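What follows is protein_32.pdb (PDB, C-alpha atoms, pLDDT in the B column).
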```pdb
ATOM      1  CA  MET A   1      35.085 -46.436  25.360  1.00 55.00           C
ATOM      2  CA  THR A   2      33.110 -47.866  28.282  1.00 62.00           C
ATOM      3  CA  LYS A   3      29.403 -47.371  28.703  1.00 55.00           C
ATOM      4  CA  THR A   4      30.014 -45.298  31.849  1.00 51.00           C
ATOM      5  CA  LYS A   5      32.308 -42.902  29.979  1.00 53.00           C
ATOM      6  CA  ILE A   6      29.776 -42.497  27.158  1.00 46.00           C
ATOM      7  CA  ILE A   7      27.021 -41.635  29.634  1.00 45.00           C
ATOM      8  CA  LEU A   8      29.343 -39.192  31.392  1.00 44.00           C
ATOM      9  CA  LEU A   9      30.197 -37.440  28.107  1.00 46.00           C
ATOM     10  CA  VAL A  10      26.513 -37.184  27.193  1.00 43.00           C
ATOM     11  CA  LEU A  11      25.702 -35.643  30.585  1.00 42.00           C
ATOM     12  CA  ILE A  12      28.563 -33.153  30.245  1.00 48.00           C
ATOM     13  CA  SER A  13      27.335 -32.221  26.759  1.00 52.00           C
ATOM     14  CA  ILE A  14      23.771 -31.681  28.007  1.00 46.00           C
ATOM     15  CA  PHE A  15      24.992 -29.594  30.945  1.00 43.00           C
ATOM     16  CA  THR A  16      27.193 -27.450  28.690  1.00 49.00           C
ATOM     17  CA  ALA A  17      24.329 -26.862  26.254  1.00 45.00           C
ATOM     18  CA  SER A  18      21.967 -25.900  29.068  1.00 42.00           C
ATOM     19  CA  GLN A  19      24.489 -23.419  30.433  1.00 45.00           C
ATOM     20  CA  LYS A  20      24.788 -21.782  27.000  1.00 51.00           C
ATOM     21  CA  ILE A  21      20.996 -21.500  26.787  1.00 51.00           C
ATOM     22  CA  LYS A  22      20.890 -19.880  30.235  1.00 53.00           C
ATOM     23  CA  ALA A  23      23.559 -17.405  29.156  1.00 72.00           C
ATOM     24  CA  GLN A  24      21.550 -16.190  26.168  1.00 92.00           C
ATOM     25  CA  ASP A  25      19.850 -12.817  26.364  1.00 96.00           C
ATOM     26  CA  TRP A  26      17.111 -13.937  23.987  1.00 97.00           C
ATOM     27  CA  PRO A  27      14.935 -10.787  24.220  1.00 97.00           C
ATOM     28  CA  ASN A  28      18.076  -8.581  24.166  1.00 97.00           C
ATOM     29  CA  LEU A  29      17.376  -6.873  27.480  1.00 98.00           C
ATOM     30  CA  GLU A  30      20.954  -5.611  27.558  1.00 97.00           C
ATOM     31  CA  LYS A  31      20.616  -3.452  24.443  1.00 98.00           C
ATOM     32  CA  TYR A  32      18.785  -0.556  26.083  1.00 98.00           C
ATOM     33  CA  LYS A  33      19.452  -1.366  29.746  1.00 97.00           C
ATOM     34  CA  SER A  34      22.056   1.370  30.209  1.00 97.00           C
ATOM     35  CA  ALA A  35      20.092   3.942  28.182  1.00 97.00           C
ATOM     36  CA  ASN A  36      16.968   3.205  30.214  1.00 98.00           C
ATOM     37  CA  GLU A  37      18.848   3.720  33.481  1.00 97.00           C
ATOM     38  CA  LYS A  38      20.121   7.104  32.274  1.00 96.00           C
ATOM     39  CA  LEU A  39      16.705   8.252  31.056  1.00 96.00           C
ATOM     40  CA  GLU A  40      15.096  10.494  33.645  1.00 94.00           C
ATOM     41  CA  SER A  41      11.487  10.109  34.644  1.00 94.00           C
ATOM     42  CA  PRO A  42       9.240  12.273  32.470  1.00 94.00           C
ATOM     43  CA  LYS A  43       8.134  15.631  33.834  1.00 91.00           C
ATOM     44  CA  SER A  44       4.449  16.074  34.560  1.00 88.00           C
ATOM     45  CA  ASP A  45       3.906  18.021  31.346  1.00 88.00           C
ATOM     46  CA  GLU A  46       6.051  15.771  29.149  1.00 93.00           C
ATOM     47  CA  ASN A  47       4.189  13.725  26.537  1.00 96.00           C
ATOM     48  CA  ARG A  48       6.704  10.908  26.287  1.00 98.00           C
ATOM     49  CA  VAL A  49       6.138   8.424  23.466  1.00 98.00           C
ATOM     50  CA  VAL A  50       7.947   5.100  23.081  1.00 98.00           C
ATOM     51  CA  PHE A  51       8.343   3.492  19.669  1.00 98.00           C
ATOM     52  CA  MET A  52       8.483  -0.283  20.182  1.00 98.00           C
ATOM     53  CA  GLY A  53       9.466  -2.401  17.206  1.00 98.00           C
ATOM     54  CA  ASN A  54      12.051  -4.170  15.076  1.00 98.00           C
ATOM     55  CA  SER A  55      14.523  -2.910  12.439  1.00 97.00           C
ATOM     56  CA  ILE A  56      11.909  -0.639  10.849  1.00 98.00           C
ATOM     57  CA  THR A  57      11.757   1.233  14.139  1.00 98.00           C
ATOM     58  CA  GLU A  58      15.435   0.964  15.058  1.00 98.00           C
ATOM     59  CA  SER A  59      16.534   2.326  11.651  1.00 98.00           C
ATOM     60  CA  TRP A  60      14.181   5.316  11.821  1.00 98.00           C
ATOM     61  CA  PRO A  61      16.315   8.426  11.096  1.00 97.00           C
ATOM     62  CA  GLN A  62      17.354  10.010  14.381  1.00 95.00           C
ATOM     63  CA  THR A  63      16.469  13.463  13.077  1.00 95.00           C
ATOM     64  CA  PHE A  64      12.825  12.482  13.551  1.00 97.00           C
ATOM     65  CA  PHE A  65      13.389  12.091  17.311  1.00 96.00           C
ATOM     66  CA  HIS A  66      15.541  15.176  17.957  1.00 95.00           C
ATOM     67  CA  GLY A  67      13.941  17.756  20.209  1.00 94.00           C
ATOM     68  CA  LYS A  68      10.882  15.610  20.862  1.00 96.00           C
ATOM     69  CA  PRO A  69       9.937  13.460  23.853  1.00 97.00           C
ATOM     70  CA  TYR A  70      10.171  10.360  21.657  1.00 98.00           C
ATOM     71  CA  VAL A  71      12.115   7.244  22.688  1.00 98.00           C
ATOM     72  CA  ASN A  72      13.212   4.682  20.074  1.00 98.00           C
ATOM     73  CA  ARG A  73      13.189   1.114  21.393  1.00 98.00           C
ATOM     74  CA  GLY A  74      13.408  -0.846  18.153  1.00 98.00           C
ATOM     75  CA  ILE A  75      15.662  -3.901  17.846  1.00 98.00           C
ATOM     76  CA  SER A  76      16.538  -5.291  14.439  1.00 97.00           C
ATOM     77  CA  GLY A  77      15.314  -8.793  13.677  1.00 97.00           C
ATOM     78  CA  GLN A  78      13.039  -9.105  16.704  1.00 98.00           C
ATOM     79  CA  THR A  79       9.769 -10.977  16.850  1.00 98.00           C
ATOM     80  CA  THR A  80       6.710 -10.356  19.028  1.00 98.00           C
ATOM     81  CA  PRO A  81       7.595 -12.878  21.797  1.00 98.00           C
ATOM     82  CA  GLN A  82      10.959 -11.157  22.233  1.00 98.00           C
ATOM     83  CA  MET A  83       9.309  -7.737  22.394  1.00 98.00           C
ATOM     84  CA  LEU A  84       6.752  -8.992  24.885  1.00 98.00           C
ATOM     85  CA  LEU A  85       9.546 -10.157  27.205  1.00 98.00           C
ATOM     86  CA  ARG A  86      11.226  -6.740  27.179  1.00 98.00           C
ATOM     87  CA  PHE A  87       8.029  -4.678  27.192  1.00 98.00           C
ATOM     88  CA  ARG A  88       8.193  -3.850  30.897  1.00 98.00           C
ATOM     89  CA  GLN A  89      11.827  -2.759  30.795  1.00 98.00           C
ATOM     90  CA  ASP A  90      11.737  -0.888  27.485  1.00 98.00           C
ATOM     91  CA  VAL A  91       8.235   0.606  27.657  1.00 98.00           C
ATOM     92  CA  ILE A  92       6.389   0.475  30.984  1.00 98.00           C
ATOM     93  CA  ASN A  93       9.328   1.492  33.171  1.00 98.00           C
ATOM     94  CA  LEU A  94       9.941   4.542  30.959  1.00 98.00           C
ATOM     95  CA  GLN A  95       6.500   5.903  31.927  1.00 98.00           C
ATOM     96  CA  PRO A  96       5.367   7.125  28.503  1.00 98.00           C
ATOM     97  CA  LYS A  97       1.882   8.403  27.779  1.00 98.00           C
ATOM     98  CA  VAL A  98       1.795   6.595  24.433  1.00 98.00           C
ATOM     99  CA  VAL A  99       3.487   3.555  22.890  1.00 98.00           C
ATOM    100  CA  LEU A 100       3.469   2.767  19.171  1.00 98.00           C
ATOM    101  CA  ILE A 101       3.749  -0.988  18.633  1.00 99.00           C
ATOM    102  CA  LEU A 102       5.025  -1.939  15.180  1.00 98.00           C
ATOM    103  CA  ALA A 103       5.699  -5.674  15.039  1.00 98.00           C
ATOM    104  CA  GLY A 104       4.945  -8.927  13.265  1.00 98.00           C
ATOM    105  CA  THR A 105       6.846  -9.078   9.981  1.00 98.00           C
ATOM    106  CA  ASN A 106       9.821 -10.929  11.508  1.00 97.00           C
ATOM    107  CA  ASP A 107       7.407 -13.464  13.006  1.00 98.00           C
ATOM    108  CA  ILE A 108       6.040 -14.178   9.527  1.00 97.00           C
ATOM    109  CA  ALA A 109       9.658 -14.451   8.342  1.00 97.00           C
ATOM    110  CA  LYS A 110      10.159 -17.129  11.056  1.00 96.00           C
ATOM    111  CA  ASN A 111      13.118 -15.307  12.599  1.00 96.00           C
ATOM    112  CA  THR A 112      12.598 -17.171  15.864  1.00 96.00           C
ATOM    113  CA  GLY A 113      10.785 -20.188  14.465  1.00 96.00           C
ATOM    114  CA  PRO A 114       7.275 -21.155  13.359  1.00 96.00           C
ATOM    115  CA  ILE A 115       4.372 -19.106  14.705  1.00 98.00           C
ATOM    116  CA  THR A 116       0.748 -18.684  13.657  1.00 98.00           C
ATOM    117  CA  LEU A 117      -0.911 -15.388  12.779  1.00 98.00           C
ATOM    118  CA  GLU A 118      -3.178 -15.861  15.790  1.00 98.00           C
ATOM    119  CA  GLU A 119      -0.160 -16.215  18.076  1.00 98.00           C
ATOM    120  CA  ILE A 120       1.394 -13.050  16.632  1.00 98.00           C
ATOM    121  CA  ARG A 121      -1.867 -11.194  17.218  1.00 98.00           C
ATOM    122  CA  ASP A 122      -2.072 -12.512  20.776  1.00 98.00           C
ATOM    123  CA  ASN A 123       1.484 -11.390  21.594  1.00 98.00           C
ATOM    124  CA  ILE A 124       0.627  -7.881  20.427  1.00 98.00           C
ATOM    125  CA  LEU A 125      -2.639  -8.084  22.380  1.00 98.00           C
ATOM    126  CA  SER A 126      -0.617  -8.896  25.506  1.00 98.00           C
ATOM    127  CA  MET A 127       1.496  -5.773  24.933  1.00 98.00           C
ATOM    128  CA  VAL A 128      -1.693  -3.749  24.510  1.00 98.00           C
ATOM    129  CA  GLU A 129      -3.089  -5.110  27.769  1.00 98.00           C
ATOM    130  CA  LEU A 130       0.155  -4.416  29.631  1.00 98.00           C
ATOM    131  CA  ALA A 131       0.206  -0.847  28.345  1.00 98.00           C
ATOM    132  CA  ARG A 132      -3.396  -0.159  29.297  1.00 98.00           C
ATOM    133  CA  ALA A 133      -2.908  -1.660  32.763  1.00 98.00           C
ATOM    134  CA  ASN A 134      -0.137   0.895  33.282  1.00 98.00           C
ATOM    135  CA  ASN A 135      -2.063   3.947  31.995  1.00 97.00           C
ATOM    136  CA  ILE A 136      -0.208   4.001  28.674  1.00 98.00           C
ATOM    137  CA  THR A 137      -2.202   4.433  25.463  1.00 98.00           C
ATOM    138  CA  PRO A 138      -1.115   1.746  22.984  1.00 98.00           C
ATOM    139  CA  VAL A 139      -1.264   2.430  19.265  1.00 98.00           C
ATOM    140  CA  VAL A 140      -1.423  -0.804  17.266  1.00 98.00           C
ATOM    141  CA  CYS A 141       0.428  -0.254  14.001  1.00 98.00           C
ATOM    142  CA  SER A 142      -0.283  -2.313  10.918  1.00 98.00           C
ATOM    143  CA  VAL A 143       2.577  -4.436   9.632  1.00 98.00           C
ATOM    144  CA  LEU A 144       4.220  -2.738   6.671  1.00 98.00           C
ATOM    145  CA  PRO A 145       3.857  -4.279   3.194  1.00 98.00           C
ATOM    146  CA  ALA A 146       6.449  -6.844   2.118  1.00 97.00           C
ATOM    147  CA  TYR A 147       6.243  -8.800  -1.120  1.00 96.00           C
ATOM    148  CA  ASP A 148       9.062 -11.158  -0.141  1.00 95.00           C
ATOM    149  CA  TYR A 149      11.877 -11.579   2.404  1.00 93.00           C
ATOM    150  CA  PRO A 150      15.228 -11.411   0.581  1.00 88.00           C
ATOM    151  CA  TRP A 151      17.056 -13.203   3.399  1.00 84.00           C
ATOM    152  CA  ARG A 152      14.758 -16.259   3.219  1.00 85.00           C
ATOM    153  CA  GLU A 153      15.097 -18.906   0.505  1.00 83.00           C
ATOM    154  CA  GLU A 154      11.724 -20.314   1.497  1.00 85.00           C
ATOM    155  CA  LYS A 155       8.794 -18.487  -0.114  1.00 88.00           C
ATOM    156  CA  LEU A 156       6.794 -17.386   2.910  1.00 95.00           C
ATOM    157  CA  GLN A 157       4.200 -15.256   1.043  1.00 96.00           C
ATOM    158  CA  PRO A 158       4.234 -12.205   3.316  1.00 97.00           C
ATOM    159  CA  ASN A 159       2.213 -10.366   0.649  1.00 97.00           C
ATOM    160  CA  ILE A 160      -0.663 -12.727   1.515  1.00 98.00           C
ATOM    161  CA  LYS A 161      -0.072 -13.250   5.247  1.00 98.00           C
ATOM    162  CA  ILE A 162       0.548  -9.620   6.223  1.00 98.00           C
ATOM    163  CA  PRO A 163      -2.882  -8.362   5.022  1.00 98.00           C
ATOM    164  CA  LYS A 164      -4.505 -11.240   6.940  1.00 98.00           C
ATOM    165  CA  LEU A 165      -2.577 -10.364  10.096  1.00 98.00           C
ATOM    166  CA  ASN A 166      -3.408  -6.679   9.694  1.00 98.00           C
ATOM    167  CA  GLY A 167      -7.103  -7.526   9.502  1.00 98.00           C
ATOM    168  CA  MET A 168      -6.751  -9.406  12.793  1.00 98.00           C
ATOM    169  CA  LEU A 169      -4.836  -6.523  14.386  1.00 98.00           C
ATOM    170  CA  LYS A 170      -7.437  -3.996  13.260  1.00 98.00           C
ATOM    171  CA  SER A 171     -10.225  -6.086  14.780  1.00 98.00           C
ATOM    172  CA  MET A 172      -8.267  -6.586  17.980  1.00 98.00           C
ATOM    173  CA  ALA A 173      -7.607  -2.842  18.295  1.00 98.00           C
ATOM    174  CA  ALA A 174     -11.321  -2.132  17.775  1.00 98.00           C
ATOM    175  CA  ASN A 175     -12.283  -4.695  20.425  1.00 98.00           C
ATOM    176  CA  GLN A 176      -9.780  -3.180  22.852  1.00 98.00           C
ATOM    177  CA  LYS A 177     -10.894   0.363  21.952  1.00 98.00           C
ATOM    178  CA  VAL A 178      -7.338   1.464  21.151  1.00 98.00           C
ATOM    179  CA  PRO A 179      -6.045   3.315  18.067  1.00 98.00           C
ATOM    180  CA  TYR A 180      -5.025   1.411  14.948  1.00 98.00           C
ATOM    181  CA  LEU A 181      -2.464   3.084  12.677  1.00 98.00           C
ATOM    182  CA  ASP A 182      -2.824   1.764   9.131  1.00 98.00           C
ATOM    183  CA  TYR A 183       0.568   2.205   7.480  1.00 98.00           C
ATOM    184  CA  PHE A 184      -0.149  -0.681   5.096  1.00 98.00           C
ATOM    185  CA  SER A 185      -3.000   0.926   3.156  1.00 98.00           C
ATOM    186  CA  GLU A 186      -0.972   4.089   2.632  1.00 98.00           C
ATOM    187  CA  MET A 187       2.171   2.323   1.411  1.00 98.00           C
ATOM    188  CA  ALA A 188       1.218  -0.907  -0.391  1.00 98.00           C
ATOM    189  CA  ASP A 189       1.487  -1.294  -4.165  1.00 97.00           C
ATOM    190  CA  ASP A 190      -0.632  -3.620  -6.328  1.00 96.00           C
ATOM    191  CA  ARG A 191       1.498  -6.618  -5.257  1.00 96.00           C
ATOM    192  CA  ASN A 192       0.842  -5.978  -1.565  1.00 98.00           C
ATOM    193  CA  GLY A 193       4.507  -5.022  -1.415  1.00 97.00           C
ATOM    194  CA  LEU A 194       6.392  -1.759  -1.055  1.00 98.00           C
ATOM    195  CA  PRO A 195       6.940   0.445  -4.133  1.00 98.00           C
ATOM    196  CA  LYS A 196      10.584   0.767  -5.189  1.00 96.00           C
ATOM    197  CA  GLU A 197      10.824   4.388  -4.107  1.00 98.00           C
ATOM    198  CA  LEU A 198       9.878   3.440  -0.526  1.00 98.00           C
ATOM    199  CA  THR A 199      12.139   0.437   0.045  1.00 97.00           C
ATOM    200  CA  THR A 200      15.744  -0.668  -0.211  1.00 95.00           C
ATOM    201  CA  ASP A 201      15.077  -4.421  -0.245  1.00 94.00           C
ATOM    202  CA  GLU A 202      11.288  -5.111  -0.247  1.00 94.00           C
ATOM    203  CA  VAL A 203      11.194  -4.729   3.562  1.00 96.00           C
ATOM    204  CA  HIS A 204      13.295  -1.825   4.864  1.00 97.00           C
ATOM    205  CA  LEU A 205      12.532   1.793   4.101  1.00 98.00           C
ATOM    206  CA  THR A 206      14.089   4.643   2.168  1.00 98.00           C
ATOM    207  CA  PRO A 207      13.983   8.218   3.527  1.00 97.00           C
ATOM    208  CA  LYS A 208      10.799   8.722   1.488  1.00 98.00           C
ATOM    209  CA  GLY A 209       9.255   5.716   3.225  1.00 98.00           C
ATOM    210  CA  TYR A 210      10.166   7.093   6.629  1.00 98.00           C
ATOM    211  CA  ALA A 211       8.714  10.467   5.690  1.00 98.00           C
ATOM    212  CA  ILE A 212       5.330   8.751   5.242  1.00 98.00           C
ATOM    213  CA  LEU A 213       5.702   6.845   8.524  1.00 98.00           C
ATOM    214  CA  GLY A 214       6.708   9.971  10.406  1.00 98.00           C
ATOM    215  CA  LYS A 215       3.810  12.058   9.122  1.00 98.00           C
ATOM    216  CA  MET A 216       1.274   9.363   9.974  1.00 98.00           C
ATOM    217  CA  ALA A 217       2.805   8.627  13.385  1.00 98.00           C
ATOM    218  CA  GLU A 218       2.834  12.270  14.441  1.00 98.00           C
ATOM    219  CA  ALA A 219      -0.769  12.770  13.333  1.00 98.00           C
ATOM    220  CA  GLN A 220      -1.830   9.725  15.369  1.00 98.00           C
ATOM    221  CA  ILE A 221       0.164  10.809  18.423  1.00 98.00           C
ATOM    222  CA  ALA A 222      -1.395  14.276  18.292  1.00 98.00           C
ATOM    223  CA  LYS A 223      -4.839  12.732  18.053  1.00 98.00           C
ATOM    224  CA  VAL A 224      -4.209  10.485  21.072  1.00 98.00           C
ATOM    225  CA  LEU A 225      -2.787  13.294  23.211  1.00 97.00           C
ATOM    226  CA  LYS A 226      -5.674  15.595  22.319  1.00 93.00           C
ATOM    227  CA  ARG A 227      -8.015  13.164  24.047  1.00 83.00           C
TER
END
```
Is it possible to express this structure as structure tokens?
Amino acid sequence: MTKTKIILLVLISIFTASQKIKAQDWPNLEKYKSANEKLESPKSDENRVVFMGNSITESWPQTFFHGKPYVNRGISGQTTPQMLLRFRQDVINLQPKVVLILAGTNDIAKNTGPITLEEIRDNILSMVELARANNITPVVCSVLPAYDYPWREEKLQPNIKIPKLNGMLKSMAANQKVPYLDYFSEMADDRNGLPKELTTDEVHLTPKGYAILGKMAEAQIAKVLKR
């Protein structure tokens, strides 16, 4: 094979790879695009609330949302940079009064690659700032306890990193003067993980786990709206 042909093949390979990258919907904007278009603007007296998050949010039993002005915008497996990219489409454009942001565990699990706790905090801070700039009250939710990630062979020590991240999120929320919803303290066992009755796999929740989340979320929403 001549040198010219080798160079040509390399260029074709690079071009093909770049086209595939361009074709990726990395933040998954398509998932809720149609649902967002069908969702009517809230009425003046409607207290719309958007739940932004990952699989914990997406898997929330739909019975919790029935008959309420709540909108579920969770996407399984997502990390904070992905959520930040879709925040305008899936939160701001829906014109809610409140958004609950529950994110960070998939970042620690390295679902989209290495990231520091500070970078996770800053991505959530950016969502907070976007919400406030658009007259939406953001509620910063603590990351739920996780002793380990069953889908990762590497020991990532979420039981150590999550409490550290939550401390940073709590401080950030205080500095921004926005509510902080502390799920972790209510749900953690002595390992900084989830008790067996609350989880199916050390990360995802049982109906009993969601009952705790729902009660705490509704209390926080009521408190915010009362202001």
| message | Ranking A:Ser55, A:Gln24, A:Gln95, A:Ser76 by minimum distance to Asn36 of chain A and counting all atoms listed in the file, which one comes first? | response |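 Of all the options, A:Gln95 lies closest to Asn36 of chain A.
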| task | Taking the file above as input, evaluate the PyMOL selection byres ((chain A and resi 106) around 9) and report the hits as JSON, numbers by chain. | result | {"A": [54, 77, 78, 79, 80, 103, 104, 105, 107, 108, 109, 110, 111, 112]}
| task | Using the chain letters and numbers from the file, give me the residues hit by the PyMOL selection byres ((chain A and resi 157-168) around 6), as a PyMOL selection string. | result | chain A and resi 117+142+146-147+155-156+169-171+192
Next, write the just-selected residues to a file, as a PDB file, in the coordinates of the input, keeping C-alpha atoms as the atom set.
```
ATOM      1  CA  LEU A 117      -0.911 -15.388  12.779  1.00 98.00           C
ATOM      2  CA  SER A 142      -0.283  -2.313  10.918  1.00 98.00           C
ATOM      3  CA  ALA A 146       6.449  -6.844   2.118  1.00 97.00           C
ATOM      4  CA  TYR A 147       6.243  -8.800  -1.120  1.00 96.00           C
ATOM      5  CA  LYS A 155       8.794 -18.487  -0.114  1.00 88.00           C
ATOM      6  CA  LEU A 156       6.794 -17.386   2.910  1.00 95.00           C
ATOM      7  CA  LEU A 169      -4.836  -6.523  14.386  1.00 98.00           C
ATOM      8  CA  LYS A 170      -7.437  -3.996  13.260  1.00 98.00           C
ATOM      9  CA  SER A 171     -10.225  -6.086  14.780  1.00 98.00           C
ATOM     10  CA  ASN A 192       0.842  -5.978  -1.565  1.00 98.00           C
TER      11      ASN A 192
END
```
| said: As an exercise, work out the distance from atom CA of Ser44 of chain A to atom CA of Ile124 of chain A in Å and give it to one decimal place. | reply: 28.1 Å
| remark: atom CA of Glu154 of chain A sits from atom CA of Val140 of chain A at a separation of 28.3 Å
| query | For Ala222 of chain A, which of A:Ser41, A:Asn47, A:Ser34, A:Asn175 is the closest residue, counting only C-alpha atoms? | reply | A:Asn47
Where does the PyMOL selection byres ((chain A and resi 52) around 6) land in this file, that is, which residues does it pick, as a PDB file with C-alpha atoms, in the frame of the given file?
```pdb
ATOM      1  CA  PHE A  51       8.343   3.492  19.669  1.00 98.00           C
ATOM      2  CA  GLY A  53       9.466  -2.401  17.206  1.00 98.00           C
ATOM      3  CA  ARG A  73      13.189   1.114  21.393  1.00 98.00           C
ATOM      4  CA  GLY A  74      13.408  -0.846  18.153  1.00 98.00           C
ATOM      5  CA  LEU A 100       3.469   2.767  19.171  1.00 98.00           C
ATOM      6  CA  ILE A 101       3.749  -0.988  18.633  1.00 99.00           C
TER       7      ILE A 101
END
```
